[in-house]
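Asks: The structure file target-v8.txt (compact mmCIF, C-alpha atoms) is provided below.
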# COMPACT_ATOMS: atom_id res chain seq x y z
CA MET X 1 6.82 -9.13 12.58
CA GLY X 2 6.52 -11.97 15.05
CA ASP X 3 7.25 -15.63 14.59
CA ILE X 4 4.25 -17.75 13.66
CA SER X 5 4.28 -21.53 13.65
CA VAL X 6 1.67 -23.47 11.68
CA ASN X 7 1.13 -27.10 12.61
CA GLY X 8 0.52 -29.83 10.06
CA LEU X 9 -2.74 -31.76 9.77
CA GLY X 10 -1.30 -35.24 9.44
CA ASN X 11 -2.30 -36.90 6.18
CA ASP X 12 -5.47 -34.83 5.77
CA LEU X 13 -3.98 -32.24 3.41
CA PRO X 14 -5.96 -30.17 0.92
CA LYS X 15 -5.55 -30.96 -2.73
CA GLY X 16 -3.81 -28.41 -4.94
CA THR X 17 -5.80 -25.88 -6.90
CA ASP X 18 -5.05 -23.66 -9.85
CA GLU X 19 -4.82 -20.59 -7.61
CA LYS X 20 -1.33 -19.23 -7.12
CA TYR X 21 -0.05 -18.17 -3.70
CA HIS X 22 2.77 -15.69 -3.36
CA VAL X 23 5.70 -16.04 -0.99
CA GLU X 24 7.79 -12.91 -0.53
CA ILE X 25 11.34 -13.48 0.71
CA CYS X 26 13.14 -10.44 2.11
CA LEU X 27 16.93 -10.82 2.11
CA GLN X 28 19.28 -9.54 4.76
CA PRO X 29 21.07 -6.33 3.60
CA THR X 30 24.43 -8.16 3.65
CA SER X 31 23.28 -11.30 1.82
CA LEU X 32 25.17 -12.32 -1.33
CA ALA X 33 23.17 -15.51 -1.86
CA GLU X 34 21.86 -16.42 -5.32
CA SER X 35 18.09 -16.20 -5.76
CA HIS X 36 17.66 -19.83 -6.80
CA ALA X 37 19.54 -21.07 -3.72
CA VAL X 38 17.36 -18.93 -1.44
CA LYS X 39 14.20 -20.31 -3.07
CA GLN X 40 15.34 -23.90 -2.59
CA HIS X 41 15.93 -23.40 1.14
CA VAL X 42 12.63 -21.56 1.57
CA LEU X 43 10.70 -24.31 -0.22
CA ALA X 44 12.25 -26.86 2.15
CA LEU X 45 11.20 -24.68 5.08
CA LEU X 46 7.60 -24.40 3.86
CA LYS X 47 7.36 -28.13 3.23
CA ARG X 48 8.18 -28.73 6.88
CA HIS X 49 5.21 -26.53 7.85
CA ARG X 50 3.01 -28.37 5.34
CA VAL X 51 -0.15 -26.25 5.83
CA ALA X 52 -0.98 -22.61 6.49
CA TYR X 53 -4.25 -20.96 7.41
CA GLY X 54 -4.23 -17.61 5.65
CA ASP X 55 -1.20 -15.35 5.73
CA LEU X 56 1.99 -16.62 7.34
CA THR X 57 5.17 -14.78 8.33
CA LEU X 58 8.39 -16.41 9.52
CA THR X 59 11.37 -14.49 10.89
CA ALA X 60 13.28 -17.17 12.85
CA PHE X 61 14.87 -20.16 11.14
CA ASP X 62 16.67 -23.38 12.13
CA ASP X 63 18.40 -23.49 8.74
CA ALA X 64 21.84 -21.79 9.02
CA PHE X 65 21.64 -20.63 5.39
CA LEU X 66 18.34 -18.87 6.04
CA GLN X 67 19.61 -17.38 9.29
CA GLU X 68 22.51 -15.79 7.44
CA ASN X 69 20.69 -14.62 4.32
CA VAL X 70 16.96 -14.15 4.94
CA LYS X 71 15.21 -11.51 7.02
CA SER X 72 11.64 -12.78 6.60
CA VAL X 73 9.49 -15.21 4.63
CA SER X 74 5.86 -14.19 4.08
CA LEU X 75 3.00 -16.13 2.52
CA CYS X 76 0.81 -13.11 1.81
CA ASP X 77 -2.39 -11.77 0.28
CA THR X 78 -4.29 -15.00 0.88
CA GLU X 79 -7.01 -13.70 3.19
CA TYR X 80 -9.72 -12.50 0.82
CA GLY X 81 -13.38 -13.28 1.35
CA PRO X 82 -15.21 -14.26 4.53
CA GLU X 83 -13.20 -17.38 5.34
CA LYS X 84 -9.53 -18.07 5.87
CA LYS X 85 -8.13 -20.57 3.39
CA GLN X 86 -6.33 -23.77 4.21
CA ILE X 87 -3.26 -23.68 1.98
CA CYS X 88 -1.10 -26.69 1.19
CA LEU X 89 2.56 -25.70 1.28
CA LEU X 90 3.55 -28.93 -0.47
CA SER X 91 1.82 -27.98 -3.72
CA SER X 92 3.31 -26.47 -6.84
CA ASN X 93 1.06 -23.41 -6.54
CA LEU X 94 3.59 -21.36 -4.57
CA VAL X 95 5.29 -18.49 -6.42
CA LEU X 96 8.45 -17.28 -4.69
CA HIS X 97 9.77 -13.72 -4.94
CA VAL X 98 13.21 -12.79 -3.60
CA TYR X 99 14.01 -9.13 -2.90
CA ARG X 100 16.18 -6.80 -0.84
CA LEU X 101 14.98 -3.50 0.68
CA ASN X 102 16.71 -0.25 -0.23
CA ASP X 103 17.52 1.95 2.78
CA ASP X 104 18.54 5.15 0.97
CA GLY X 105 15.26 7.03 1.47
CA PRO X 106 13.75 9.50 -1.02
CA GLY X 107 15.75 11.78 -3.26
CA THR X 108 14.51 14.89 -5.05
CA GLU X 109 14.43 15.84 -8.71
CA GLU X 110 15.26 19.50 -9.25
CA LEU X 111 14.55 21.07 -12.62
CA ASP X 112 15.58 24.69 -12.16
CA ASP X 113 19.17 25.17 -11.01
CA GLU X 114 18.59 28.80 -10.03
CA GLU X 115 15.47 28.32 -7.89
CA ASP X 116 16.16 24.73 -6.75
CA LEU X 117 12.59 23.71 -7.45
CA ALA X 118 11.82 20.23 -6.10
CA ALA X 119 9.86 18.81 -9.01
CA ALA X 120 9.39 15.35 -7.56
CA HIS X 121 10.45 12.85 -4.90
CA HIS X 122 12.25 9.75 -6.09
CA TRP X 123 12.52 6.31 -4.44
CA LEU X 124 14.47 3.22 -5.42
CA LEU X 125 12.19 0.21 -4.90
CA PRO X 126 11.67 -1.95 -2.93
CA ALA X 127 12.19 0.72 -0.27
CA SER X 128 12.43 0.34 3.50
CA ASP X 129 10.18 3.41 3.73
CA PHE X 130 7.27 1.35 2.35
CA SER X 131 7.96 -1.93 4.15
CA GLY X 132 4.72 -3.18 5.72
CA LEU X 133 2.68 -0.37 4.14
CA TRP X 134 0.58 -2.73 1.96
CA ASP X 135 -0.52 -4.81 4.96
CA SER X 136 -1.34 -1.74 7.05
CA LEU X 137 -3.98 -0.54 4.55
CA VAL X 138 -7.38 -2.00 5.40
CA TYR X 139 -10.41 -1.79 3.09
CA ASP X 140 -13.81 -3.48 3.13
CA GLU X 141 -13.81 -4.61 -0.49
CA ASP X 142 -11.05 -6.46 -2.31
CA ILE X 143 -9.70 -3.11 -3.52
CA LYS X 144 -6.07 -4.07 -3.08
CA ARG X 145 -6.48 -7.39 -4.85
CA GLY X 146 -8.34 -5.77 -7.74
CA LEU X 147 -5.63 -3.15 -8.21
CA LEU X 148 -2.91 -5.77 -7.99
CA ASN X 149 -4.64 -7.93 -10.61
CA TYR X 150 -5.18 -4.93 -12.91
CA ALA X 151 -1.58 -3.80 -12.63
CA SER X 152 -0.25 -7.31 -13.18
CA THR X 153 -2.34 -7.71 -16.34
CA THR X 154 -1.29 -4.28 -17.56
CA LEU X 155 2.39 -5.09 -17.21
CA LEU X 156 1.88 -8.55 -18.73
CA PHE X 157 0.14 -7.15 -21.82
CA SER X 158 2.86 -4.56 -22.24
CA ASP X 159 5.65 -7.05 -21.68
CA LYS X 160 4.11 -9.40 -24.27
CA ALA X 161 3.74 -6.51 -26.76
CA VAL X 162 -0.03 -6.90 -27.17
CA ASP X 163 -1.11 -4.55 -29.97
CA ASN X 164 -2.62 -1.48 -28.28
CA ASN X 165 -4.58 -0.68 -31.43
CA VAL X 166 -6.44 -3.97 -31.08
CA ILE X 167 -6.81 -4.06 -27.30
CA SER X 168 -6.68 -0.64 -25.69
CA TRP X 169 -5.33 0.19 -22.24
CA ASN X 170 -3.61 3.33 -20.96
CA LYS X 171 -1.70 2.06 -17.88
CA VAL X 172 -3.29 4.79 -15.73
CA ILE X 173 -4.89 4.21 -12.32
CA LEU X 174 -6.99 6.94 -10.65
CA LEU X 175 -7.82 6.65 -6.94
CA HIS X 176 -10.34 9.23 -5.75
CA GLY X 177 -12.16 9.99 -2.51
CA PRO X 178 -11.98 12.14 0.64
CA PRO X 179 -8.65 13.06 2.28
CA GLY X 180 -7.08 10.68 4.77
CA THR X 181 -8.35 7.45 3.21
CA GLY X 182 -4.91 6.20 2.17
CA LYS X 183 -4.96 6.89 -1.57
CA THR X 184 -1.36 8.06 -1.85
CA SER X 185 -0.15 5.35 0.51
CA LEU X 186 -1.99 2.74 -1.55
CA CYS X 187 -0.27 3.95 -4.73
CA LYS X 188 3.14 3.69 -3.07
CA ALA X 189 2.36 0.30 -1.57
CA LEU X 190 1.10 -0.98 -4.94
CA ALA X 191 4.31 0.11 -6.65
CA GLN X 192 6.37 -1.65 -3.98
CA LYS X 193 4.27 -4.80 -4.18
CA LEU X 194 4.54 -5.01 -7.96
CA VAL X 195 8.31 -4.55 -7.91
CA ILE X 196 8.55 -7.45 -5.46
CA ARG X 197 6.14 -9.62 -7.44
CA MET X 198 8.05 -8.98 -10.69
CA SER X 199 11.52 -9.36 -9.21
CA ASP X 200 12.34 -12.14 -11.70
CA ARG X 201 11.56 -9.78 -14.61
CA TYR X 202 12.91 -6.45 -13.28
CA SER X 203 16.01 -5.98 -11.12
CA TYR X 204 14.59 -3.00 -9.25
CA GLY X 205 11.91 -0.31 -9.33
CA GLN X 206 11.73 3.47 -9.49
CA LEU X 207 8.96 5.63 -8.03
CA ILE X 208 8.71 9.28 -9.08
CA GLU X 209 6.13 11.29 -7.09
CA ILE X 210 5.10 14.55 -8.80
CA ASN X 211 3.37 17.21 -6.73
CA SER X 212 0.71 18.88 -8.87
CA HIS X 213 0.38 21.91 -6.59
CA SER X 214 4.09 22.65 -6.92
CA LEU X 215 3.85 22.17 -10.66
CA PHE X 216 1.13 24.74 -11.23
CA SER X 217 2.00 27.27 -8.56
CA LYS X 218 5.61 27.75 -9.66
CA TRP X 219 5.97 26.83 -13.31
CA PHE X 220 3.43 28.95 -15.19
CA SER X 221 6.06 31.41 -16.40
CA GLU X 222 8.16 28.60 -17.83
CA SER X 223 5.27 27.12 -19.82
CA GLY X 224 5.88 23.45 -20.68
CA LYS X 225 9.67 23.68 -20.66
CA LEU X 226 10.16 22.42 -17.12
CA VAL X 227 7.54 19.72 -17.65
CA MET X 228 9.63 18.51 -20.59
CA LYS X 229 12.74 18.50 -18.40
CA MET X 230 10.97 16.44 -15.77
CA PHE X 231 9.86 13.84 -18.28
CA GLN X 232 13.28 13.71 -19.84
CA LYS X 233 14.54 12.55 -16.46
CA ILE X 234 11.70 10.04 -16.23
CA GLN X 235 12.49 8.82 -19.75
CA GLU X 236 16.08 8.14 -18.69
CA LEU X 237 14.75 5.84 -15.97
CA ILE X 238 12.37 4.10 -18.39
CA ASP X 239 15.21 3.50 -20.86
CA ASP X 240 16.73 1.08 -18.35
CA GLN X 241 14.83 -2.09 -19.23
CA ASP X 242 15.86 -3.68 -15.92
CA ALA X 243 13.79 -1.07 -14.03
CA LEU X 244 10.04 -1.01 -13.41
CA VAL X 245 9.03 2.68 -13.25
CA PHE X 246 6.00 4.24 -11.54
CA VAL X 247 4.95 7.87 -11.99
CA LEU X 248 2.74 9.06 -9.11
CA ILE X 249 0.75 12.29 -9.52
CA ASP X 250 -0.85 13.30 -6.23
CA GLU X 251 -3.97 15.50 -6.19
CA VAL X 252 -4.35 15.38 -9.94
CA GLU X 253 -7.44 17.63 -9.74
CA SER X 254 -4.95 20.50 -9.87
CA LEU X 255 -5.03 19.90 -13.64
CA THR X 256 -8.67 20.95 -13.64
CA ALA X 257 -7.97 23.98 -11.51
CA ALA X 258 -5.35 25.13 -13.99
CA ARG X 259 -7.65 24.70 -17.00
CA LYS X 260 -10.63 26.41 -15.35
CA SER X 261 -8.47 29.32 -14.21
CA THR X 262 -7.19 29.73 -17.74
CA MET X 263 -10.67 29.70 -19.26
CA SER X 264 -11.92 32.30 -16.76
CA GLY X 265 -8.97 34.55 -17.51
CA SER X 266 -7.72 34.60 -13.90
CA GLU X 267 -4.47 32.84 -14.79
CA PRO X 268 -2.07 33.33 -17.74
CA SER X 269 -2.86 31.32 -20.83
CA ASP X 270 0.54 29.70 -20.39
CA ALA X 271 -1.08 27.44 -17.76
CA ILE X 272 -3.02 25.49 -20.37
CA ARG X 273 0.25 24.70 -22.16
CA VAL X 274 1.63 23.26 -18.94
CA VAL X 275 -1.38 20.96 -18.61
CA ASN X 276 -1.27 19.92 -22.26
CA ALA X 277 2.47 19.27 -22.06
CA LEU X 278 1.93 17.04 -19.04
CA LEU X 279 -0.88 15.04 -20.67
CA THR X 280 1.14 14.68 -23.87
CA GLN X 281 4.13 13.34 -21.99
CA LEU X 282 1.95 10.86 -20.09
CA ASP X 283 0.56 9.63 -23.41
CA GLN X 284 4.07 9.12 -24.74
CA ILE X 285 5.57 7.21 -21.83
CA LYS X 286 2.63 4.81 -21.52
CA ARG X 287 3.90 3.12 -24.70
CA PHE X 288 6.82 1.64 -22.82
CA PRO X 289 6.33 -1.81 -21.22
CA ASN X 290 8.04 -0.96 -17.92
CA VAL X 291 6.08 2.09 -16.76
CA MET X 292 2.76 2.72 -14.98
CA ILE X 293 1.00 5.96 -14.01
CA LEU X 294 -0.65 6.20 -10.56
CA THR X 295 -2.82 9.19 -9.65
CA THR X 296 -4.97 10.41 -6.75
CA SER X 297 -7.69 13.02 -6.29
CA ASN X 298 -9.46 14.38 -3.19
CA VAL X 299 -12.17 16.19 -5.19
CA THR X 300 -14.10 13.70 -7.28
CA GLY X 301 -16.16 16.24 -9.22
CA ALA X 302 -13.19 18.41 -10.12
CA ILE X 303 -11.03 15.91 -11.97
CA ASP X 304 -10.11 16.97 -15.48
CA LEU X 305 -12.21 14.99 -17.99
CA ALA X 306 -9.26 14.75 -20.33
CA PHE X 307 -7.44 12.87 -17.61
CA VAL X 308 -10.43 10.78 -16.49
CA ASP X 309 -10.72 9.45 -20.04
CA ARG X 310 -7.14 8.20 -19.80
CA ALA X 311 -7.69 6.22 -16.60
CA ASP X 312 -8.32 2.49 -17.01
CA ILE X 313 -9.32 2.08 -13.37
CA LYS X 314 -11.24 4.78 -11.47
CA GLN X 315 -11.43 3.42 -7.93
CA TYR X 316 -13.26 5.20 -5.12
CA ILE X 317 -11.51 5.01 -1.74
CA GLY X 318 -13.91 5.93 1.06
CA PRO X 319 -13.74 6.09 4.87
CA PRO X 320 -13.38 2.69 6.57
CA SER X 321 -16.42 0.81 7.86
CA PRO X 322 -16.63 -0.41 11.48
CA ALA X 323 -15.30 -3.80 10.35
CA ALA X 324 -12.26 -2.17 8.74
CA ILE X 325 -11.81 0.11 11.77
CA PHE X 326 -11.78 -2.95 14.01
CA LYS X 327 -8.95 -4.45 11.93
CA ILE X 328 -6.98 -1.21 12.11
CA TYR X 329 -7.34 -0.98 15.90
CA HIS X 330 -6.58 -4.69 16.23
CA SER X 331 -3.30 -4.28 14.32
CA CYS X 332 -2.33 -1.23 16.40
CA ILE X 333 -2.96 -3.03 19.69
CA THR X 334 -1.08 -6.11 18.47
CA GLU X 335 1.93 -3.89 17.75
CA LEU X 336 1.76 -2.29 21.21
CA MET X 337 1.64 -5.77 22.73
CA ARG X 338 4.65 -6.81 20.64
CA VAL X 339 6.79 -4.01 22.07
CA GLY X 340 5.47 -4.45 25.62
CA ILE X 341 3.62 -1.14 26.02
CA ILE X 342 0.42 -3.14 26.48
CA SER X 343 1.30 -5.88 28.96
CA PRO X 344 0.63 -8.66 29.60
CA ALA X 345 -0.21 -9.64 26.04
CA GLN X 346 -3.75 -10.94 25.76
CA GLN X 347 -5.68 -12.64 23.01
CA LEU X 348 -7.96 -10.45 20.93
CA PHE X 349 -10.39 -12.32 18.70
CA ASP X 350 -11.01 -11.17 15.15
CA LEU X 351 -14.52 -10.45 13.89
CA ARG X 352 -14.84 -13.85 12.22
CA THR X 353 -14.23 -15.62 15.53
CA LEU X 354 -16.57 -13.29 17.42
CA GLU X 355 -19.28 -13.97 14.85
CA VAL X 356 -18.85 -17.73 15.29
CA MET X 357 -19.22 -17.14 19.03
CA LYS X 358 -22.39 -15.11 18.27
CA PHE X 359 -20.93 -12.00 19.91
CA ILE X 360 -21.84 -13.38 23.33
CA GLU X 361 -19.92 -11.70 26.14
CA LYS X 362 -17.79 -14.06 28.19
CA ASN X 363 -14.54 -13.57 30.07
CA VAL X 364 -12.55 -14.54 26.96
CA THR X 365 -14.52 -12.27 24.61
CA LYS X 366 -15.13 -9.24 26.83
CA LEU X 367 -12.18 -7.09 25.67
CA SER X 368 -12.60 -8.09 22.02
CA LEU X 369 -16.23 -6.99 22.16
CA GLN X 370 -15.17 -3.72 23.79
CA LEU X 371 -12.84 -3.11 20.86
CA ARG X 372 -15.70 -3.85 18.47
CA ASP X 373 -17.84 -1.25 20.25
CA LEU X 374 -15.02 1.31 19.96
CA ALA X 375 -14.76 0.57 16.25
CA MET X 376 -18.46 1.28 15.83
CA GLN X 377 -18.11 4.53 17.78
CA SER X 378 -15.26 5.57 15.47
CA GLN X 379 -17.28 5.39 12.24
CA GLY X 380 -16.72 8.50 10.14
CA LEU X 381 -13.05 8.96 11.06
CA SER X 382 -10.42 8.64 8.34
CA GLY X 383 -7.83 5.88 8.28
CA ARG X 384 -5.12 8.48 8.87
CA THR X 385 -6.87 9.62 12.07
CA LEU X 386 -7.56 6.09 13.25
CA ARG X 387 -3.88 5.16 13.20
CA LYS X 388 -3.04 8.25 15.25
CA LEU X 389 -5.61 7.55 17.96
CA PRO X 390 -3.68 4.81 19.82
CA PHE X 391 -0.79 7.29 20.16
CA ILE X 392 -3.15 10.06 21.31
CA ALA X 393 -4.77 7.65 23.77
CA HIS X 394 -1.41 6.86 25.33
CA ALA X 395 -0.12 10.45 25.29
CA LEU X 396 -3.20 12.01 26.89
CA PHE X 397 -4.86 9.27 28.93
CA VAL X 398 -2.24 6.61 29.77
CA GLN X 399 1.30 8.03 30.01
CA THR X 400 2.91 4.92 31.51
CA SER X 401 5.53 2.66 29.96
CA SER X 402 3.34 -0.39 30.49
CA VAL X 403 -0.45 -0.58 30.64
CA SER X 404 -3.02 -3.37 30.72
CA LEU X 405 -5.22 -3.95 27.70
CA GLU X 406 -8.34 -3.03 29.68
CA GLU X 407 -6.83 0.29 30.78
CA PHE X 408 -5.62 1.05 27.25
CA LEU X 409 -9.05 0.44 25.75
CA GLU X 410 -10.47 2.94 28.24
CA GLY X 411 -7.84 5.47 27.13
CA LEU X 412 -8.71 4.76 23.49
CA ARG X 413 -12.39 5.40 24.25
CA LYS X 414 -11.53 8.81 25.71
CA ALA X 415 -9.32 9.61 22.71
CA ILE X 416 -12.17 8.78 20.31
CA GLU X 417 -14.59 11.01 22.21
CA ARG X 418 -12.01 13.81 22.22
CA GLN X 419 -11.52 13.46 18.47
CA PHE X 420 -15.22 13.97 17.76
CA ARG X 421 -15.37 16.94 20.16
CA GLU X 422 -12.45 18.56 18.33
CA ARG X 423 -14.16 18.00 15.00
CA ASN X 424 -17.33 19.64 16.26
CA ASP X 425 -15.38 22.61 17.65
CA LEU X 426 -13.58 23.10 14.34
CA SER X 427 -16.87 23.03 12.44
CA LYS X 428 -18.11 25.99 14.53
CA ASP X 429 -15.23 28.24 13.41
Translate this file's structure into structure tokens.
Replies:
Amino acid sequence: MGDISVNGLGNDLPKGTDEKYHVEICLQPTSLAESHAVKQHVLALLKRHRVAYGDLTLTAFDDAFLQENVKSVSLCDTEYGPEKKQICLLSSNLVLHVYRLNDDGPGTEELDDEEDLAAAHHWLLPASDFSGLWDSLVYDEDIKRGLLNYASTTLLFSDKAVDNNVISWNKVILLHGPPGTGKTSLCKALAQKLVIRMSDRYSYGQLIEINSHSLFSKWFSESGKLVMKMFQKIQELIDDQDALVFVLIDEVESLTAARKSTMSGSEPSDAIRVVNALLTQLDQIKRFPNVMILTTSNVTGAIDLAFVDRADIKQYIGPPSPAAIFKIYHSCITELMRVGIISPAQQLFDLRTLEVMKFIEKNVTKLSLQLRDLAMQSQGLSGRTLRKLPFIAHALFVQTSSVSLEEFLEGLRKAIERQFRERNDLSKD
């Protein structure tokens, strides 16, 4: 992340509002500073900036204490809606969150000592693996904000012991849509974001990712026994009240496949017991205040109705629009400029600025408008593919350590055309 300086506006400062703005403070791995001391120094830093326009990230500091203890300070998740907000950094509406990234990487949970079955992957949160993941996910609607608000309310109601018999919620999120749209990444990023946002309440987070395909392809003969073992391990994590625990079930439509196979007689009846054991365990752990269940599905029409009924939020995640594609390409090119692969660095306008300029082509807008055209040509590609294309463009059509922005955009155009040709060729097979 680069250094960004925001200038003050003299005495013409916006008045405070009731809206809260979140400041995430990432500590250096070696820092031993107390959280309250870090917050005091960061508040002093923000007061010197006075005003921000939308998101703000700082990584270089004059303050010796911050230099020693803080890796980055980010005012984040402010840019919702059509206009950037002018945010007063002198107000009392700033909520500060102090955290440290864990560098250990994922572990595995094995349930069968003889076969070494990897039942799940396990991360300690916040994890370096997911750093920056939330910001890299671009959607047209306020999907991320809606999920964040839902999850925050869910954890608040649980933490306050709201009677679930009076007000019902299941603490289950279901993200569904075509492959490559970032559903699993969004679940992981949401878990990381919530652990950071609730750092005053929970010391750390745990993310357990269960692979449904592995569950049903290997465990039929063991009925629900191994499912019980898996949730015993999860229960041990939940029992630590200092931990915020997330259970992620990827491709949950496998539940439906198991039930349908059982009903048709093509699979042993033991499969239905596996599914029922899993659903029963999910129902039991949702009672605890420090756990949330995140699920994804690639096949909307095949999701088990018994599971759909349990989901509080059923959010469709579709392919990105041209506007979202533009943001994705913009972020990729900005990163290549940061590391010097695209050089010299040049200004690329965002869509808001181009709209104000009525999309009229001038010398200063020419390359930004070219990028907008490329975004429109890329409609129909998944987010996963879009983030690969800058690499493909360089590997196949650039192949130099430094390239101008104009030359890179031409390489990106060729990479997009190649991608659609490959798709057409595959469809003929």
Asks: Would you mind listing what lies within 7 Å of Glu109 in chain X as an MDAnalysis selection string, with only C-alpha atoms counted and same-chain residues fewer than 5 positions away left out?
Replies: chainID X and resid 118:122
Asks: May I have the protein, DNA and RNA residues with an atom at most 12 Å from (-0.4, 4.5, -2.8), counting only C-alpha atoms in the file's coordinates, returned as a PDB file with C-alpha atoms, in the frame of the given file?
Replies:
ATOM      1  CA  PHE X 130       7.270   1.350   2.350  1.00  0.00           C
ATOM      2  CA  LEU X 133       2.680  -0.370   4.140  1.00  0.00           C
ATOM      3  CA  TRP X 134       0.580  -2.730   1.960  1.00  0.00           C
ATOM      4  CA  SER X 136      -1.340  -1.740   7.050  1.00  0.00           C
ATOM      5  CA  LEU X 137      -3.980  -0.540   4.550  1.00  0.00           C
ATOM      6  CA  LYS X 144      -6.070  -4.070  -3.080  1.00  0.00           C
ATOM      7  CA  LEU X 147      -5.630  -3.150  -8.210  1.00  0.00           C
ATOM      8  CA  LEU X 148      -2.910  -5.770  -7.990  1.00  0.00           C
ATOM      9  CA  ILE X 173      -4.890   4.210 -12.320  1.00  0.00           C
ATOM     10  CA  LEU X 174      -6.990   6.940 -10.650  1.00  0.00           C
ATOM     11  CA  LEU X 175      -7.820   6.650  -6.940  1.00  0.00           C
ATOM     12  CA  HIS X 176     -10.340   9.230  -5.750  1.00  0.00           C
ATOM     13  CA  GLY X 180      -7.080  10.680   4.770  1.00  0.00           C
ATOM     14  CA  THR X 181      -8.350   7.450   3.210  1.00  0.00           C
ATOM     15  CA  GLY X 182      -4.910   6.200   2.170  1.00  0.00           C
ATOM     16  CA  LYS X 183      -4.960   6.890  -1.570  1.00  0.00           C
ATOM     17  CA  THR X 184      -1.360   8.060  -1.850  1.00  0.00           C
ATOM     18  CA  SER X 185      -0.150   5.350   0.510  1.00  0.00           C
ATOM     19  CA  LEU X 186      -1.990   2.740  -1.550  1.00  0.00           C
ATOM     20  CA  CYS X 187      -0.270   3.950  -4.730  1.00  0.00           C
ATOM     21  CA  LYS X 188       3.140   3.690  -3.070  1.00  0.00           C
ATOM     22  CA  ALA X 189       2.360   0.300  -1.570  1.00  0.00           C
ATOM     23  CA  LEU X 190       1.100  -0.980  -4.940  1.00  0.00           C
ATOM     24  CA  ALA X 191       4.310   0.110  -6.650  1.00  0.00           C
ATOM     25  CA  GLN X 192       6.370  -1.650  -3.980  1.00  0.00           C
ATOM     26  CA  LYS X 193       4.270  -4.800  -4.180  1.00  0.00           C
ATOM     27  CA  LEU X 194       4.540  -5.010  -7.960  1.00  0.00           C
ATOM     28  CA  LEU X 207       8.960   5.630  -8.030  1.00  0.00           C
ATOM     29  CA  GLU X 209       6.130  11.290  -7.090  1.00  0.00           C
ATOM     30  CA  PHE X 246       6.000   4.240 -11.540  1.00  0.00           C
ATOM     31  CA  VAL X 247       4.950   7.870 -11.990  1.00  0.00           C
ATOM     32  CA  LEU X 248       2.740   9.060  -9.110  1.00  0.00           C
ATOM     33  CA  ILE X 249       0.750  12.290  -9.520  1.00  0.00           C
ATOM     34  CA  ASP X 250      -0.850  13.300  -6.230  1.00  0.00           C
ATOM     35  CA  ILE X 293       1.000   5.960 -14.010  1.00  0.00           C
ATOM     36  CA  LEU X 294      -0.650   6.200 -10.560  1.00  0.00           C
ATOM     37  CA  THR X 295      -2.820   9.190  -9.650  1.00  0.00           C
ATOM     38  CA  THR X 296      -4.970  10.410  -6.750  1.00  0.00           C
ATOM     39  CA  SER X 297      -7.690  13.020  -6.290  1.00  0.00           C
ATOM     40  CA  ILE X 317     -11.510   5.010  -1.740  1.00  0.00           C
TER      41      ILE X 317
END
Asks: Of the candidates X:Ser91, X:Gln86, X:Cys76, X:Val38, which shows the shortest atom-to-atom distance to Ala64 in chain X, using all atoms listed in the file?
Replies: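 Closest to Ala64 in chain X, using all atoms listed in the file: X:Val38.
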Asks: Pick out the closest residue to Asp142 in chain X from this set: X:Leu43, X:Leu101, X:Ala324, X:Leu386. Count only C-alpha atoms.
Replies: X:Ala324
Asks: Rank nothing, just name the residue among X:Val403, X:Ala151, X:Ile313, X:Leu381 nearest to Glu417 in chain X, using all atoms listed in the file.
Replies: X:Leu381
Asks: Could you give me, as an MDAnalysis selection string, the residues that have an atom at most 12 Å away from the point (17.0, 14.7, -19.5) in the coordinates of the file, using all atoms listed in the file?
Replies: chainID X and resid 109:111 225:239
Asks: Report the distance between CA of His330 in chain X and CA of Gln399 in chain X in Å, rounded to one decimal place.
Replies: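 Distance reported for this atom pair: 20.3 Å.
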Asks: What is the CA of Lys85 in chain X to CA of Gln370 in chain X distance in Å?
Replies: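 These two atoms are separated by 27.4 Å.
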Asks: So how far away is CA of Arg145 in chain X from CA of Asp312 in chain X, in Å?
Replies: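 Between CA of Asp312 in chain X and CA of Arg145 in chain X the gap is 15.8 Å.
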